[in-house]
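J.: CSV, C-alpha atoms, saved as query-v1.csv, coming up:
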```csv
chain,number,residue,atom,x,y,z
H,79,MET,CA,15.3,48.6,13.2
H,80,LYS,CA,16.9,51.0,15.7
H,81,LYS,CA,14.8,52.3,18.5
H,82,ALA,CA,14.2,56.1,18.7
H,83,ILE,CA,15.6,58.3,21.5
H,84,THR,CA,13.4,61.2,22.5
H,85,ALA,CA,15.3,63.9,24.2
H,86,PHE,CA,13.3,66.4,26.3
H,87,VAL,CA,15.5,69.4,26.8
H,88,ILE,CA,15.7,71.0,30.3
H,89,LEU,CA,17.8,74.1,30.6
H,90,HIS,CA,18.6,75.2,34.2
H,91,VAL,CA,15.5,73.3,35.4
H,92,ALA,CA,16.6,70.7,37.9
H,93,THR,CA,15.4,67.2,38.0
H,94,LEU,CA,15.9,64.7,40.8
H,95,VAL,CA,19.0,63.1,39.2
H,96,CYS,CA,20.3,65.9,36.9
H,97,ALA,CA,20.8,69.5,38.0
H,98,GLN,CA,19.3,68.9,41.4
H,99,CYS,CA,22.5,66.9,42.3
H,100,ASP,CA,25.3,68.8,40.6
H,101,GLY,CA,27.6,68.7,43.6
H,102,ASN,CA,26.6,72.2,44.7
H,103,ARG,CA,22.8,72.4,45.1
H,104,TYR,CA,21.8,71.3,48.6
H,105,ARG,CA,25.5,71.5,49.7
H,106,ASN,CA,26.7,75.1,49.0
H,107,PHE,CA,25.3,78.6,48.7
H,108,MET,CA,24.1,78.9,45.1
H,109,PHE,CA,21.7,81.8,45.5
H,110,SER,CA,22.4,85.2,47.1
H,111,GLU,CA,18.8,86.2,47.8
H,112,VAL,CA,15.8,84.4,49.3
H,113,VAL,CA,12.1,85.0,48.7
H,114,LYS,CA,9.7,84.5,51.6
H,115,THR,CA,6.0,83.9,51.2
H,116,ALA,CA,4.4,84.6,54.6
H,117,ASP,CA,1.4,83.3,56.5
H,118,ILE,CA,0.3,80.5,54.2
H,119,VAL,CA,-2.6,78.6,55.9
H,120,TYR,CA,-2.0,74.9,56.0
H,121,GLY,CA,-4.7,73.8,58.4
H,122,GLU,CA,-6.7,74.4,61.5
H,123,ASN,CA,-7.7,72.6,64.7
H,124,LEU,CA,-9.0,73.2,68.2
H,125,ASN,CA,-6.4,74.7,70.5
H,126,LEU,CA,-6.0,74.5,74.3
H,127,GLU,CA,-8.8,76.9,74.9
H,128,GLY,CA,-11.2,75.0,72.7
H,129,ALA,CA,-11.2,77.6,69.9
H,130,MET,CA,-10.5,76.8,66.3
H,131,GLU,CA,-6.9,77.9,65.6
H,132,VAL,CA,-5.7,78.7,62.1
H,133,LEU,CA,-2.3,77.2,61.4
H,134,ASN,CA,0.1,79.0,59.1
H,135,MET,CA,3.6,78.9,57.9
H,136,ASP,CA,6.3,80.9,56.0
H,137,VAL,CA,7.9,79.4,52.9
H,138,TYR,CA,11.4,80.4,51.8
H,139,GLU,CA,12.7,79.8,48.3
H,140,PRO,CA,15.9,80.7,46.5
H,141,ALA,CA,15.3,83.9,44.5
H,142,GLY,CA,15.7,83.5,40.7
H,143,ASP,CA,15.5,79.8,40.8
H,144,VAL,CA,13.4,78.3,38.0
H,145,SER,CA,14.0,74.7,39.1
H,146,GLU,CA,11.2,72.3,39.7
H,147,GLU,CA,10.9,69.2,41.9
H,148,ARG,CA,13.0,70.6,44.6
H,149,ALA,CA,13.7,69.0,48.0
H,150,LEU,CA,11.5,70.4,50.8
H,151,VAL,CA,12.5,70.9,54.5
H,152,ILE,CA,9.9,71.7,57.1
H,153,VAL,CA,11.3,73.3,60.2
H,154,SER,CA,9.7,73.7,63.7
H,155,HIS,CA,10.7,76.3,66.2
H,156,GLY,CA,11.4,75.9,69.9
H,157,GLY,CA,9.9,77.4,73.1
H,158,PHE,CA,8.9,74.6,75.5
H,159,PHE,CA,5.6,74.2,73.5
H,160,LEU,CA,4.5,77.4,75.4
H,161,THR,CA,6.0,80.2,73.2
H,162,GLY,CA,8.1,80.8,70.1
H,163,SER,CA,7.0,81.2,66.5
H,164,LYS,CA,7.9,80.5,62.9
H,165,GLU,CA,9.8,83.8,62.9
H,166,GLY,CA,12.0,82.9,65.8
H,167,GLU,CA,15.8,83.5,65.7
H,168,ASP,CA,16.3,79.8,66.4
H,169,VAL,CA,14.9,78.8,63.0
H,170,VAL,CA,14.8,81.8,60.5
H,171,PRO,CA,18.6,81.8,59.8
H,172,LEU,CA,18.5,78.1,59.1
H,173,CYS,CA,15.5,78.5,56.8
H,174,GLN,CA,17.2,81.4,54.9
H,175,ASP,CA,20.5,79.6,54.5
H,176,LEU,CA,19.0,76.3,53.4
H,177,ALA,CA,17.0,78.2,50.8
H,178,ARG,CA,20.2,79.8,49.6
H,179,MET,CA,21.4,76.2,49.0
H,180,GLY,CA,18.5,75.5,46.8
H,181,TYR,CA,16.0,73.9,49.2
H,182,VAL,CA,12.4,75.0,49.6
H,183,VAL,CA,12.0,75.5,53.4
H,184,ALA,CA,8.8,76.0,55.4
H,185,SER,CA,8.8,77.4,59.0
H,186,ILE,CA,5.6,76.4,60.7
H,187,ASN,CA,3.5,77.7,63.6
H,188,TYR,CA,1.7,75.0,65.6
H,189,ARG,CA,-0.7,74.9,68.6
H,190,LEU,CA,1.0,76.0,71.8
H,191,GLY,CA,0.0,75.8,75.4
H,192,ILE,CA,-0.1,73.5,78.4
H,193,GLU,CA,-2.7,72.8,81.1
H,194,PHE,CA,-0.8,73.3,84.3
H,195,GLU,CA,-2.1,70.2,86.1
H,196,THR,CA,-0.2,67.7,88.2
H,197,PRO,CA,1.3,65.4,87.4
H,198,LEU,CA,2.5,67.4,84.3
H,199,ASN,CA,3.3,64.3,82.2
H,200,GLU,CA,-0.2,64.0,80.9
H,201,PRO,CA,-0.9,67.7,79.9
H,202,TYR,CA,2.6,68.0,78.5
H,203,GLY,CA,2.1,64.8,76.5
H,204,ARG,CA,-1.1,66.2,75.1
H,205,THR,CA,0.7,69.3,74.0
H,206,VAL,CA,3.4,67.4,72.2
H,207,MET,CA,0.7,65.4,70.4
H,208,ARG,CA,-1.1,68.5,69.3
H,209,ALA,CA,2.1,69.9,67.8
H,210,LEU,CA,2.9,66.6,66.2
H,211,GLN,CA,-0.5,66.4,64.5
H,212,ASP,CA,0.0,69.9,63.1
H,213,LEU,CA,3.4,69.0,61.7
H,214,ARG,CA,1.9,66.0,59.9
H,215,ALA,CA,-0.8,68.3,58.5
H,216,ALA,CA,1.8,70.7,57.1
H,217,ILE,CA,3.6,67.8,55.4
H,218,ARG,CA,0.3,66.6,53.9
H,219,TRP,CA,-0.4,70.2,52.7
H,220,PHE,CA,2.7,70.2,50.5
H,221,ARG,CA,1.9,66.8,49.1
H,222,GLN,CA,-1.7,67.8,48.4
H,223,ASP,CA,-0.5,71.0,46.7
H,224,ALA,CA,2.2,69.1,44.7
H,225,ALA,CA,-0.6,66.9,43.3
H,226,GLY,CA,-2.2,70.0,41.8
H,227,ALA,CA,-0.7,73.5,41.3
H,228,ASN,CA,2.6,72.6,43.0
H,229,SER,CA,2.9,76.2,44.1
H,230,PHE,CA,6.5,75.9,45.3
H,231,GLY,CA,7.9,73.4,42.8
H,232,ILE,CA,8.7,70.6,45.3
H,233,ASP,CA,9.3,66.9,44.8
H,234,PRO,CA,6.8,65.2,47.0
H,235,GLU,CA,9.1,62.2,47.3
H,236,GLU,CA,11.9,64.4,48.8
H,237,ILE,CA,10.5,65.8,52.0
H,238,TYR,CA,12.5,66.2,55.2
H,239,THR,CA,11.8,67.8,58.6
H,240,GLY,CA,13.7,69.1,61.6
H,241,GLY,CA,13.5,71.4,64.5
H,242,VAL,CA,15.0,73.1,67.5
H,243,SER,CA,14.2,72.2,71.1
H,244,ALA,CA,10.4,71.6,71.1
H,245,GLY,CA,10.7,71.5,67.3
H,246,GLY,CA,13.3,68.8,67.7
H,247,PHE,CA,10.8,66.8,69.9
H,248,MET,CA,8.3,67.1,67.0
H,249,ALA,CA,10.6,65.8,64.3
H,250,ILE,CA,11.8,62.9,66.6
H,251,HIS,CA,8.4,61.8,67.5
H,252,LEU,CA,7.2,62.0,63.9
H,253,ALA,CA,10.0,59.7,63.0
H,254,TYR,CA,9.7,57.1,65.8
H,255,LEU,CA,6.4,57.3,67.7
H,256,ASP,CA,3.9,54.8,66.2
H,257,GLU,CA,0.2,54.8,67.0
H,258,ASP,CA,0.4,51.8,69.3
H,259,GLU,CA,3.3,53.5,71.2
H,260,ILE,CA,1.4,56.6,72.4
H,261,PRO,CA,1.6,56.5,76.2
H,262,ALA,CA,-1.6,55.3,77.8
H,263,TYR,CA,-1.8,58.4,80.0
H,264,ILE,CA,-2.4,60.7,77.0
H,265,ASP,CA,-6.2,60.9,76.3
H,266,MET,CA,-6.3,61.0,72.4
H,267,SER,CA,-10.1,61.5,72.5
H,268,ALA,CA,-9.7,64.9,74.1
H,269,PRO,CA,-11.0,67.8,72.0
H,270,GLY,CA,-8.4,68.8,69.3
H,271,LEU,CA,-6.6,65.4,69.7
H,272,GLU,CA,-9.0,63.2,67.7
H,273,GLY,CA,-7.8,61.3,64.7
H,274,GLY,CA,-4.9,59.5,66.3
H,275,ILE,CA,-1.3,60.2,65.5
H,276,GLU,CA,-2.3,61.8,62.1
H,277,GLY,CA,-4.8,64.1,63.8
H,278,GLN,CA,-7.4,66.3,62.1
H,279,SER,CA,-5.5,69.5,61.5
H,280,GLY,CA,-6.1,69.3,57.7
H,281,ASN,CA,-5.3,67.8,54.3
H,282,PRO,CA,-6.4,64.2,54.8
H,283,GLY,CA,-5.7,61.5,52.2
H,284,PHE,CA,-2.0,62.4,51.8
H,285,SER,CA,1.1,60.9,53.4
H,286,SER,CA,2.8,62.6,56.3
H,287,GLU,CA,5.9,60.5,56.0
H,288,VAL,CA,9.4,62.0,55.5
H,289,ASN,CA,12.7,60.6,54.3
H,290,ALA,CA,14.9,61.8,57.2
H,291,ILE,CA,15.0,64.3,60.1
H,292,PHE,CA,17.3,66.5,62.0
H,293,ASN,CA,17.1,67.4,65.7
H,294,ILE,CA,18.7,70.2,67.6
H,295,SER,CA,18.5,69.9,71.4
H,296,GLY,CA,15.4,67.8,71.4
H,297,ALA,CA,14.6,64.4,73.0
H,298,ILE,CA,12.3,61.4,72.8
H,299,GLY,CA,9.9,60.0,75.4
H,300,ASP,CA,11.5,56.5,75.2
H,301,THR,CA,14.3,55.2,72.9
H,302,ALA,CA,12.3,51.9,72.9
H,303,TRP,CA,10.2,53.6,70.3
H,304,ILE,CA,13.1,53.6,67.8
H,305,ASP,CA,12.8,50.5,65.6
H,306,PRO,CA,15.2,49.3,62.9
H,307,GLY,CA,14.4,50.6,59.4
H,308,GLU,CA,12.9,53.9,60.7
H,309,ASN,CA,14.0,57.4,59.6
H,310,PRO,CA,17.7,58.3,59.6
H,311,VAL,CA,18.4,61.3,61.9
H,312,CYS,CA,21.0,64.0,62.4
H,313,LEU,CA,21.4,64.9,66.0
H,314,PHE,CA,22.9,68.0,67.7
H,315,HIS,CA,23.1,68.5,71.4
H,316,GLY,CA,25.1,70.4,74.0
H,317,ASP,CA,26.6,68.1,76.6
H,318,GLU,CA,26.0,70.6,79.3
H,319,ASP,CA,22.3,71.2,78.4
H,320,ALA,CA,20.4,71.9,81.6
H,321,THR,CA,17.0,72.3,79.8
H,322,VAL,CA,16.6,69.1,77.8
H,323,PRO,CA,18.6,66.1,79.0
H,324,PHE,CA,21.6,65.2,76.9
H,325,GLY,CA,21.3,61.6,78.1
H,326,SER,CA,18.4,60.0,80.0
H,327,ASP,CA,17.1,62.1,82.8
H,328,THR,CA,14.0,63.8,84.2
H,329,PHE,CA,12.8,66.8,82.3
H,330,PHE,CA,11.9,69.8,84.4
H,331,LEU,CA,9.8,72.6,82.9
H,332,PHE,CA,11.6,75.9,83.5
H,333,GLY,CA,14.1,73.9,85.5
H,334,ILE,CA,11.8,73.5,88.5
H,335,MET,CA,8.5,71.7,87.5
H,336,GLU,CA,9.0,67.9,87.1
H,337,VAL,CA,7.4,66.6,83.9
H,338,VAL,CA,8.7,63.2,82.7
H,339,GLU,CA,11.7,61.0,82.1
H,340,LEU,CA,13.2,61.7,78.6
H,341,ASP,CA,16.0,60.3,76.5
H,342,GLY,CA,18.1,63.0,74.9
H,343,SER,CA,20.4,62.8,71.9
H,344,GLY,CA,23.2,60.9,73.8
H,345,SER,CA,20.8,58.1,74.6
H,346,MET,CA,19.2,58.2,71.2
H,347,ASN,CA,22.7,57.8,69.6
H,348,GLU,CA,23.3,54.6,71.5
H,349,LYS,CA,19.9,53.1,70.4
H,350,LEU,CA,20.5,54.2,66.8
H,351,ASP,CA,23.8,52.4,66.9
H,352,GLU,CA,22.1,49.3,68.1
H,353,THR,CA,19.3,49.4,65.5
H,354,GLY,CA,21.7,50.2,62.6
H,355,ILE,CA,19.7,53.3,61.6
H,356,PRO,CA,22.0,55.7,59.7
H,357,HIS,CA,22.6,58.9,61.7
H,358,CYS,CA,25.0,61.7,62.5
H,359,PHE,CA,25.6,62.9,66.1
H,360,GLU,CA,27.4,66.2,66.7
H,361,ILE,CA,28.2,66.8,70.4
H,362,ASN,CA,28.5,70.5,71.1
H,363,GLU,CA,31.0,70.0,73.9
H,364,GLY,CA,30.8,72.5,76.7
H,365,TYR,CA,27.6,74.0,75.5
H,366,GLY,CA,24.1,74.2,76.9
H,367,HIS,CA,20.7,74.4,75.3
H,368,VAL,CA,20.4,75.4,71.6
H,369,PRO,CA,24.1,76.2,71.2
H,370,HIS,CA,23.9,77.6,67.7
H,371,LEU,CA,22.0,80.6,68.9
H,372,GLY,CA,24.4,83.5,69.1
H,373,ASN,CA,27.4,81.5,68.2
H,374,ASP,CA,28.6,81.8,64.6
H,375,ALA,CA,31.1,78.9,64.8
H,376,VAL,CA,28.5,76.4,66.2
H,377,TYR,CA,25.9,77.7,63.7
H,378,ASP,CA,28.2,77.2,60.8
H,379,THR,CA,29.0,73.6,61.9
H,380,THR,CA,25.4,72.9,62.4
H,381,LEU,CA,24.4,74.1,59.0
H,382,SER,CA,27.3,72.3,57.3
H,383,ILE,CA,26.5,69.0,58.8
H,384,ILE,CA,22.7,69.4,58.1
H,385,SER,CA,23.6,70.0,54.4
H,386,ASN,CA,25.9,67.0,54.4
H,387,PHE,CA,23.2,64.8,55.9
H,388,LEU,CA,20.4,66.0,53.7
H,389,SER,CA,22.4,65.9,50.4
H,390,HIS,CA,23.4,62.3,51.3
H,391,HIS,CA,19.7,61.3,51.3
H,392,ILE,CA,18.7,63.4,48.3
H,393,CYS,CA,21.7,62.9,46.0
H,394,GLY,CA,23.4,59.8,47.3
H,395,ASP,CA,26.5,61.6,48.4
H,396,ALA,CA,28.7,59.8,50.9
H,397,LEU,CA,27.4,60.3,54.4
H,398,ASP,CA,29.7,62.9,56.0
H,399,CYS,CA,29.0,63.8,59.7
H,400,SER,CA,31.9,66.2,60.0
H,401,TYR,CA,32.2,69.9,59.4
H,402,ARG,CA,32.7,71.0,55.8
H,403,GLU,CA,33.5,74.5,54.9
H,404,LEU,CA,30.5,75.8,52.9
H,405,GLU,CA,31.2,77.5,49.5
H,406,THR,CA,29.5,80.3,47.7
H,407,VAL,CA,29.0,79.1,44.1
H,408,THR,CA,28.9,81.5,41.1
H,409,ARG,CA,25.7,80.6,39.3
H,410,VAL,CA,24.7,81.5,35.8
H,411,PRO,CA,21.6,83.6,36.2
H,412,SER,CA,18.4,82.4,34.5
H,413,GLY,CA,17.8,84.5,31.3
H,414,ALA,CA,21.4,85.7,31.0
H,415,ALA,CA,22.5,86.4,27.4
H,416,ILE,CA,24.7,83.3,27.0
H,417,SER,CA,24.6,80.3,24.7
H,418,LEU,CA,23.2,77.4,26.6
H,419,PRO,CA,24.2,73.9,25.4
H,420,LEU,CA,21.4,72.3,23.5
H,421,VAL,CA,21.4,68.6,22.5
H,422,TYR,CA,19.6,67.8,19.3
H,423,PRO,CA,18.0,66.3,17.1
H,424,VAL,CA,14.8,65.1,18.7
H,425,PRO,CA,14.2,62.2,18.2
H,426,SER,CA,17.5,60.6,17.2
H,427,GLU,CA,18.6,57.1,16.3
H,428,ASP,CA,22.3,57.8,15.7
H,429,MET,CA,24.2,60.9,16.5
H,430,LEU,CA,23.4,63.6,19.1
H,431,PHE,CA,24.8,67.0,18.5
H,432,CYS,CA,25.5,69.8,21.0
H,433,LYS,CA,24.9,73.4,19.9
H,434,GLY,CA,26.4,76.1,22.1
H,435,CYS,CA,29.1,73.8,23.6
H,436,GLU,CA,32.5,75.3,24.1
H,437,GLN,CA,35.9,73.7,23.6
H,438,GLY,CA,36.7,71.5,26.6
H,439,ASP,CA,33.0,70.9,27.5
H,440,LEU,CA,32.2,67.3,28.3
H,441,MET,CA,29.1,65.6,27.0
H,442,VAL,CA,28.1,62.5,29.0
H,443,LEU,CA,25.5,59.9,28.3
H,444,SER,CA,24.5,57.7,31.3
H,445,ASP,CA,21.7,55.7,32.8
H,446,LEU,CA,19.9,56.5,36.1
H,447,SER,CA,22.2,54.3,38.1
H,448,GLY,CA,25.1,56.6,37.0
H,449,ARG,CA,26.7,54.1,34.7
H,450,ARG,CA,28.4,56.0,31.9
H,451,LEU,CA,27.4,54.8,28.4
H,452,GLY,CA,29.3,57.3,26.4
H,453,ALA,CA,31.3,60.6,26.6
H,454,VAL,CA,33.1,63.0,24.4
H,455,VAL,CA,35.2,66.1,25.0
H,456,VAL,CA,34.3,69.0,22.7
H,457,THR,CA,37.2,69.9,20.6
H,458,ASP,CA,35.5,72.1,18.0
H,459,SER,CA,34.0,75.1,19.7
H,460,GLY,CA,30.2,75.4,19.5
H,461,ARG,CA,29.4,71.9,18.1
H,462,ALA,CA,30.1,68.3,19.1
H,463,ALA,CA,28.6,64.9,18.3
H,464,LEU,CA,28.0,62.0,20.7
H,465,ASN,CA,27.3,58.5,19.3
H,466,ALA,CA,23.8,57.6,20.7
H,467,GLY,CA,24.0,54.1,19.3
H,468,ALA,CA,24.8,52.8,22.7
H,469,LEU,CA,21.3,53.5,23.8
H,470,THR,CA,19.8,51.3,21.1
H,471,GLN,CA,21.2,48.4,23.0
H,472,GLN,CA,19.7,49.3,26.3
H,473,VAL,CA,16.3,48.4,27.7
H,474,PRO,CA,13.5,51.0,27.3
H,475,GLY,CA,13.7,53.6,30.0
H,476,ILE,CA,15.1,57.0,31.1
H,477,TYR,CA,18.6,58.0,30.3
H,478,LEU,CA,20.5,61.2,31.0
H,479,LEU,CA,22.5,63.6,28.7
H,480,GLU,CA,24.6,66.0,30.6
H,481,VAL,CA,27.0,68.8,29.5
H,482,TYR,CA,29.8,69.7,32.0
H,483,ARG,CA,32.0,72.8,31.8
H,484,GLU,CA,35.1,72.9,34.1
H,485,GLY,CA,33.6,70.1,36.2
H,486,ARG,CA,30.3,71.8,36.8
H,487,LEU,CA,27.0,70.6,35.4
H,488,LEU,CA,25.8,73.2,32.9
H,489,SER,CA,22.8,71.6,31.4
H,490,CYS,CA,20.9,68.3,31.8
H,491,HIS,CA,18.6,66.6,29.3
H,492,LYS,CA,16.3,63.6,29.8
H,493,ALA,CA,16.4,60.9,27.1
H,494,VAL,CA,13.6,58.3,27.0
H,495,GLN,CA,14.2,55.2,25.0
H,496,GLN,CA,10.9,53.8,23.7
```
Spit out the file's structure as structure tokens when you get a sec.

T.:
Amino acid sequence: MKKAITAFVILHVATLVCAQCDGNRYRNFMFSEVVKTADIVYGENLNLEGAMEVLNMDVYEPAGDVSEERALVIVSHGGFFLTGSKEGEDVVPLCQDLARMGYVVASINYRLGIEFETPLNEPYGRTVMRALQDLRAAIRWFRQDAAGANSFGIDPEEIYTGGVSAGGFMAIHLAYLDEDEIPAYIDMSAPGLEGGIEGQSGNPGFSSEVNAIFNISGAIGDTAWIDPGENPVCLFHGDEDATVPFGSDTFFLFGIMEVVELDGSGSMNEKLDETGIPHCFEINEGYGHVPHLGNDAVYDTTLSIISNFLSHHICGDALDCSYRELETVTRVPSGAAISLPLVYPVPSEDMLFCKGCEQGDLMVLSDLSGRRLGAVVVTDSGRAALNAGALTQQVPGIYLLEVYREGRLLSCHKAVQQ
């Protein structure tokens, strides 16, 4: 007896394998407008003054997007760990443009401030750890929310983070600093630093891991902390950066106060090559600190390579570390008066029909590995049939039914063989 195929219809609602990865989402501008939800509280912890500080963030989403299980990017601003905010010019354009590509993007505030004691390496180390604990709490907040209301329609398995300058430090240390690698001179029992590397800024019981990171003009305390198998990274750094070392050098706060020896992106790139960790490295030749600020050409290159890097990890696209001209894609608005392709009947043991297809549309049946099991080009406008018998020979599991028009994925349907 033939096994039944149950097709759950999803129209313009992305899934990880289907509409999420149609060749445009996460790579090109699919949405013209962005919706911002401001000042969402994701945690709290003791700050430098010993007062409880509420931690908040702004979340950017593509306007009009009804997709679910979207990739999330958490971005941290720069400012020496002394100043800056989630609304800074160094991060807001990135947040807005990534949201226009279909990502959900969060820009976070974190605890700032340094005790000006000498030597500065210890107080500055404590500052970095406070910020790192807050970033981990923000990641956990989204996973906790996804387990319930999932307010922002994210996929908790597709979380990424990155930052600018100090925010780059945070992303790098989240990826590569382990508990047993915390420098001995940092007192992790100090108020507001309890709880080890995870900290106590909120949302315990959920993972703070990410899939990959990006760093713009940041550095790591020691490349020895980078171990094989750890997070892939996309690096950007000006080779004339006089603020954060491009290679390995002493970091001076404000250019005059000696803090600690750091390894910048140039040195990290060498260690990443040695360990075999996949990475991109864009050298902003002739530029200083945070070169994308105020420079449209550098900004476009930065955004393009970030989108290449992230879509590689989300969708399995080939890793491309070079500039790619970003496109603006014409998108069919949700709710528009058009005939969307509908695959039926449900369930089916034989033929699957497409209602609303147009002549030239391509119906494709495949498994999750991308192996094509069957395909048919629609020759009779409005209706086509695809032999689903191939599925009856497959093992139970999830299969995909896709309808393409002029090379663009128009609708995606999940088929479960029982």

J.: If we count only C-alpha atoms, what is near Ile118 in chain H at a cut-off of 7 Å, once residues fewer than 3 positions away on the same chain are taken out, given as JSON, numbers by chain?

T.: {"H": [134, 135, 136]}

J.: Dump as a compact mmCIF listing (two decimals) with C-alpha atoms, in the frame of the given file all residues having an atom at most 12 Å from (4.3, 75.7, 41.6), computed in the file's coordinates with all atoms listed in the file.

T.:
```txt
# COMPACT_ATOMS: atom_id res chain seq x y z
CA GLU H 139 12.70 79.80 48.30
CA ASP H 143 15.50 79.80 40.80
CA VAL H 144 13.40 78.30 38.00
CA SER H 145 14.00 74.70 39.10
CA GLU H 146 11.20 72.30 39.70
CA GLU H 147 10.90 69.20 41.90
CA ARG H 148 13.00 70.60 44.60
CA VAL H 182 12.40 75.00 49.60
CA PHE H 220 2.70 70.20 50.50
CA ARG H 221 1.90 66.80 49.10
CA ASP H 223 -0.50 71.00 46.70
CA ALA H 224 2.20 69.10 44.70
CA ALA H 225 -0.60 66.90 43.30
CA GLY H 226 -2.20 70.00 41.80
CA ALA H 227 -0.70 73.50 41.30
CA ASN H 228 2.60 72.60 43.00
CA SER H 229 2.90 76.20 44.10
CA PHE H 230 6.50 75.90 45.30
CA GLY H 231 7.90 73.40 42.80
CA ILE H 232 8.70 70.60 45.30
CA ASP H 233 9.30 66.90 44.80
```

J.: Would you mind telling me which residue in H:Pro140, H:Pro310, H:Gly366, H:Gly191 lies nearest to Thr353 in chain H when using all atoms listed in the file?

T.: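 Closest residue, counting all atoms listed in the file: H:Pro310.
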
J.: I need the residue nearest Ile298 in chain H from this list: H:Leu198, H:Ala249, H:Ala268, H:Ala320. Use only C-alpha atoms for the distance.

T.: H:Ala249

J.: For the interface of range 139-163 of chain H with range 329-352 of chain H (cut-off 12 Å, counting all atoms listed in the file), please tabulate each contacting residue of range 139-163 of chain H alongside its nearest pair of atoms and their separation in Å to one decimal, rows sorted by chain and increasing number, as CSV.

T.:
```
residue,atom,partner,partner_atom,distance
H:Gly157,CA,H:Phe332,CA,10.6
H:Phe158,CA,H:Leu331,CA,7.7
H:Phe159,CA,H:Leu331,CA,10.4
H:Leu160,CA,H:Leu331,CA,10.4
```

J.: When distances are computed from only C-alpha atoms, which of H:Val137, H:Asp378, H:Cys393, H:Glu200 shows the smallest separation from Gln174 in chain H?

T.: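 Of H:Val137, H:Asp378, H:Cys393, H:Glu200, the one nearest Gln174 in chain H is H:Val137, counting only C-alpha atoms.
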
J.: I'd like the contact shell of Val132 in chain H - 12 Å cut-off, only C-alpha atoms, skipping same-chain residues fewer than 5 positions apart - returned as a ChimeraX atom specification.

T.: /H:117-125,186-189,212,279-280

J.: How far is it from CA of Pro306 in chain H to CA of Tyr401 in chain H, in Å with one decimal?

T.: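 According to the coordinates, CA of Pro306 in chain H and CA of Tyr401 in chain H are separated by 26.9 Å.
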
J.: What is the CA of Met179 in chain H to CA of Gly240 in chain H distance in Å?

T.: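 One can read the CA of Met179 in chain H to CA of Gly240 in chain H distance as 16.4 Å.
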
J.: Name the closest residue to Ala396 in chain H among the candidates H:Ala453, H:Gly101, H:Asn293, H:Val322; distances are taken between atoms, counting all atoms listed in the file.

T.: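 Smallest separation from Ala396 in chain H among the options: H:Gly101.
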
J.: What does the structure give for the distance between CA of Val311 in chain H and CA of Ser400 in chain H, in Å to one decimal?

T.: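 These two atoms are separated by 14.5 Å.
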
J.: Between H:Ala129, H:Ala297, H:Pro171, H:Val113, which residue has the minimum interatomic distance to Gly372 in chain H, considering only C-alpha atoms?

T.: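 Of H:Ala129, H:Ala297, H:Pro171, H:Val113, the one nearest Gly372 in chain H is H:Pro171, counting only C-alpha atoms.
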
J.: Leu271 in chain H: which residues within 10 Å, counting all atoms listed in the file, same-chain residues fewer than 2 positions away excluded, as a ChimeraX atom specification?

T.: /H:123-125,204-205,207-209,211,264-269,273-279

J.: Could you check the closest approach to Glu287 in chain H for each of H:Arg214, H:His155, H:Arg483, H:His370 and tell me which residue wins, using only C-alpha atoms?

T.: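 Between H:Arg214, H:His155, H:Arg483, H:His370, the residue approaching Glu287 in chain H most closely is H:Arg214.
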
J.: Leu371 in chain H: which residues within 9 Å, counting all atoms listed in the file, same-chain residues fewer than 5 positions away excluded, as number ranges by chain?

T.: H: 167-168, 376-377

J.: Just to be explicit: take each residue in the selection above, keep C-alpha atoms, and write the result as a PDB file, keeping the file's coordinate frame.

T.:
```pdb
ATOM      1  CA  GLU H 167      15.800  83.500  65.700  1.00  0.00           C
ATOM      2  CA  ASP H 168      16.300  79.800  66.400  1.00  0.00           C
ATOM      3  CA  VAL H 376      28.500  76.400  66.200  1.00  0.00           C
ATOM      4  CA  TYR H 377      25.900  77.700  63.700  1.00  0.00           C
TER       5      TYR H 377
END
```

J.: Enumerate, as number ranges by chain, the protein, DNA and RNA residues whose atoms approach (11.6, 66.5, 60.7) to within 9 Å, taking into account only C-alpha atoms and the coordinate frame of the file.

T.: H: 151-154, 213, 237-241, 245-246, 248-253, 288-293, 311

J.: Please list as a list in words every residue within 6 Å of Ser243 in chain H, counting only C-alpha atoms and excluding residues in the same chain fewer than 3 positions away.

T.: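 Residues near the query, excluding close chain neighbours: Gly156, Gly246, Ser295 and Gly296 of chain H.
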